[in-house]
Amino acid sequence: MSNLKWRLVTIGVLCLASIWALFPRNVSTRQRRPDGTFFDTTVRRVPLRKGLDLQGGMHLALEVDDSKRAVDNKSDAIDRALKVVRSRIEGFGVSEPVIQKSGADRIIVELPGIDDRERAIKVAQDQAFLEFKITDKSQALERVLPRFDQALANRGGAALGAATVASAPSTAAANQGLQGLLTAGDTSAKADSAKAGARGDSARKDTTATLAQGGAFSKLIQQGQMPGQYFVDRANETRLQQYLADPAIQAAMPPGKEVIFGSDTMSIGGRVFRPLYVVDSRPIITGEYLTKAQPTTDPTEGTVVTFELNNEGARRFQNETGKHIGDFMAIVLDKRVMGQPPVIRSAIGRRGQITMGGKDLQAAQDLSLVLRAGALPVPLRVAEVRTIGPSLGQDSINKAKVALAVAIIFVVGIMVFYYRGSGVMAVVALGLYVLWTLAILAGFDAVLTLPGLAGFVLSIGVAVDANVLIFERIREELAHGKTVRTAIDEGFRHALPAIIDSNVSTVLTAAVLYQWGSGPVKGFAVTLIAGIVASMVTAIFVVRTFYMWWLSRSRGVQTLSI
């Protein structure tokens, strides 16, 4: 009797624990406002996570992009990139995303409830490599322009370079169009525009003849309003990029210098110009020292991203900028100069800000989160992208509910009709099986997917399979003239090896699917494993307890409803 009491207590405790695991509770989540910003809030719901196919959203498969440079150990690179991508997505404002490694060279990203395809891809893919570089003040590009033109002429580039010469934007118009696009720390993009213009005019006087040579390269660019700044007509931008990628041009590039295009454009006289800058190849500091980045709005600057460096970064930044007071500093993000380089008027310390140049708050928020997460160790490319609408997910849920209801009706009907009273015990145990399986999924924070629901429906049949083996064995023992108590004991004892063998083999198969399968297959495997574990407990432990309770209340019984 004491054994029966402990069995009943154990079942009761498992039921209470399962109810507690499935009880609706407040869950922290992030939601998006109409203006694109996010806010933290709480919602009350059952703690069962729905997968992408049940609530809609996006599925991304990212892999290493080795088109530009070879990657020796892709598996290690993916492991390091996984941490960066996870940090970015967690700050993206997605409720319950799934970010996991698939195989040795892929990252799977599932974003439930997200339908902004381009934004999600950009956040996951962006390198976010931040550098601070000093613009060239030695007129290095002007001195090598004849070599550039000659190199292209030798390659037949003079004929290819017969493009429309872009007239230079005036200093006043450029100051008006580009002023104030970027500020960093103690610098001011608004300061000394007269001084900057004077520098630009002086540089222009010294280099006008050089830039007017009419070569294939020199005719495409015009001097800007500050040292190291030039402009190219958007119509000629692609051609200029091709020239800069030419090996001959790369070989003639001034030592320690590089040419980087700006992120913004300006329109003057109905024509659109793109700035480009000659900067030092060696950055004075990189974004590896950045610890904080927050989007905000400023009444005068507009949308900005404020950032903060750690102690080592602040010390280095202060030392380096102290050596370049009066120079222009370009803030380079992923090989693009963000806005107009400001003048360094004093040594810069720990804090600074990047002005977004008219972009909205959502763009600032995305930039801040990728800066906080850091740069990717290797470039990634999108290998696969799928978008699932919420209506499809709801339709899948409705069909899964119908399938689950039909499966339960058939299983209950067959068990009660064929095994009578014993079948009723199996049905009650089946109800506990459903409760415990859902509790296991919630306890392990599993994601319930459409294949997972299929595995759940399938495991209902598996749940009663063990009872069928036990009941048939009990029937055989009764047919041999044994008593009811002996037949029940012998039925469970002889059926147990077959039940364990069949269920363990199924669990091993599901484990293989989980280890090497993709997201939906993993959902199926998790649900199937949880269902099998719960079914073995209900079939072997719970039904046996029901029999023991019935025998204790029906002493000397001669027949069994089976």
# chains A, B, ... in the order shown; residues from 1 in each chain; ligands from 1

$ closest_atom_pairs --of "segment 434-512 of chain A" --to "segment 404-426 of chain A" --cutoff "12 Å" --atoms "only C-alpha atoms" --output "Markdown table"
| residue | atom | partner | partner_atom | distance |
| --- | --- | --- | --- | --- |
| A:Val434 | CA | A:Ile408 | CA | 10.3 |
| A:Leu453 | CA | A:Leu404 | CA | 8.4 |
| A:Ala454 | CA | A:Leu404 | CA | 8.7 |
| A:Gly455 | CA | A:Leu404 | CA | 10.6 |
| A:Phe456 | CA | A:Leu404 | CA | 8.3 |
| A:Val457 | CA | A:Leu404 | CA | 5.7 |
| A:Leu458 | CA | A:Ala407 | CA | 8.6 |
| A:Ser459 | CA | A:Ala407 | CA | 10.3 |
| A:Ile460 | CA | A:Ile408 | CA | 7.5 |
| A:Gly461 | CA | A:Val411 | CA | 7.1 |
| A:Val462 | CA | A:Val411 | CA | 10.4 |
| A:Ala463 | CA | A:Ala426 | CA | 9.2 |
| A:Val464 | CA | A:Ala426 | CA | 7.0 |
| A:Asp465 | CA | A:Ala426 | CA | 10.2 |
| A:Ala466 | CA | A:Ala426 | CA | 9.8 |
| A:Asn467 | CA | A:Ala426 | CA | 6.7 |
| A:Val468 | CA | A:Met415 | CA | 8.6 |
| A:Leu469 | CA | A:Tyr419 | CA | 11.8 |
| A:Ile470 | CA | A:Ser422 | CA | 10.4 |
| A:Phe471 | CA | A:Tyr419 | CA | 7.7 |
| A:Glu472 | CA | A:Tyr419 | CA | 9.4 |
| A:Ile474 | CA | A:Ser422 | CA | 10.5 |
| A:Arg475 | CA | A:Tyr419 | CA | 10.0 |
| A:Ile488 | CA | A:Ser422 | CA | 10.9 |

$ closest_residue --among "A:Ser263, A:Gln242, A:Thr545, A:Ser75" --to "Val337 of chain A" --atoms "only C-alpha atoms"
A:Ser263

$ select_by_dssp --residues "segment 216-297 of chain A" --states "strand (DSSP E or B)" --output "ChimeraX atom specification"
/A:221-223,229-233,257-262,266-268,271-280,285-286,290-297

$ closest_residue --among "A:Thr321, A:Asn398, A:Thr135, A:Ser218" --to "Ile260 of chain A" --atoms "only C-alpha atoms"
A:Thr135

$ closest_residue --among "A:Leu130, A:Leu361, A:Met266, A:Ile331" --to "Val304 of chain A" --atoms "only C-alpha atoms"
A:Leu361

$ residues_around --residues "segment 58-61 of chain A" --least-positions-apart "6" --cutoff "9 Å" --atoms "only C-alpha atoms" --output "PyMOL selection string"
chain A and resi 52+102+106-117+120-121+381-389

$ residues_around --residues "Phe541 of chain A" --least-positions-apart "6" --cutoff "10 Å" --atoms "only C-alpha atoms" --output "list in words"
Arg7, Ile11, Ala429, Phe492 and Ser535 of chain A

$ closest_residue --among "A:Leu367, A:Tyr277, A:Gly523, A:Pro295" --to "Gly339 of chain A" --atoms "only C-alpha atoms"
A:Tyr277

$ residues_around --residues "Leu438 of chain A" --least-positions-apart "3" --cutoff "9 Å" --atoms "only C-alpha atoms" --output "list in words"
Ser18, Ala21, Leu22, Leu48, Tyr433, Val434, Leu435, Leu441, Ala442, Gly443, Thr527, Ala530 and Gly531 of chain A

$ write_last_selection --atoms "C-alpha atoms" --output "compact mmCIF listing (two decimals), in the first residue's frame"
# COMPACT_ATOMS: atom_id res chain seq x y z
CA SER A 18 3.26 20.40 -15.58
CA ALA A 21 5.10 24.97 -16.40
CA LEU A 22 2.15 25.68 -18.72
CA LEU A 48 5.14 27.73 -25.42
CA TYR A 433 0.80 12.16 -21.64
CA VAL A 434 -0.45 15.25 -23.54
CA LEU A 435 -0.06 17.40 -20.41
CA LEU A 441 8.52 21.35 -24.38
CA ALA A 442 7.82 24.46 -22.31
CA GLY A 443 10.41 23.52 -19.69
CA THR A 527 8.67 16.88 -30.09
CA ALA A 530 9.60 14.45 -25.62
CA GLY A 531 6.50 12.46 -26.60

$ residues_around --residues "segment 279-292 of chain A" --least-positions-apart "2" --cutoff "6 Å" --atoms "only C-alpha atoms" --output "NGL selection string"
:A and (130-136 or 256-258 or 307-310 or 313 or 372)

$ residues_around --residues "Ala140 of chain A" --least-positions-apart "5" --cutoff "9 Å" --atoms "only C-alpha atoms" --output "JSON list (two decimals) with N, CA and C atoms, in the first residue's frame"
[["chain", "number", "residue", "atom", "x", "y", "z"],
["A", 145, "LEU", "N", 48.32, 61.71, -59.99],
["A", 145, "LEU", "CA", 47.31, 61.68, -61.06],
["A", 145, "LEU", "C", 47.92, 61.44, -62.44],
["A", 228, "GLY", "N", 42.04, 66.56, -49.05],
["A", 228, "GLY", "CA", 41.74, 65.14, -49.18],
["A", 228, "GLY", "C", 40.35, 64.83, -49.67],
["A", 253, "MET", "N", 49.26, 53.87, -56.29],
["A", 253, "MET", "CA", 48.65, 54.59, -55.18],
["A", 253, "MET", "C", 49.73, 55.12, -54.24],
["A", 254, "PRO", "N", 49.59, 56.35, -53.72],
["A", 254, "PRO", "CA", 50.59, 56.89, -52.80],
["A", 254, "PRO", "C", 50.76, 55.98, -51.59],
["A", 255, "PRO", "N", 52.00, 55.78, -51.15],
["A", 255, "PRO", "CA", 52.23, 54.90, -50.00],
["A", 255, "PRO", "C", 51.50, 55.41, -48.74],
["A", 257, "LYS", "N", 48.34, 55.61, -48.20],
["A", 257, "LYS", "CA", 47.08, 56.31, -48.46],
["A", 257, "LYS", "C", 46.09, 55.36, -49.13],
["A", 278, "VAL", "N", 40.72, 60.92, -49.72],
["A", 278, "VAL", "CA", 42.03, 60.28, -49.59],
["A", 278, "VAL", "C", 42.41, 60.36, -48.11]]
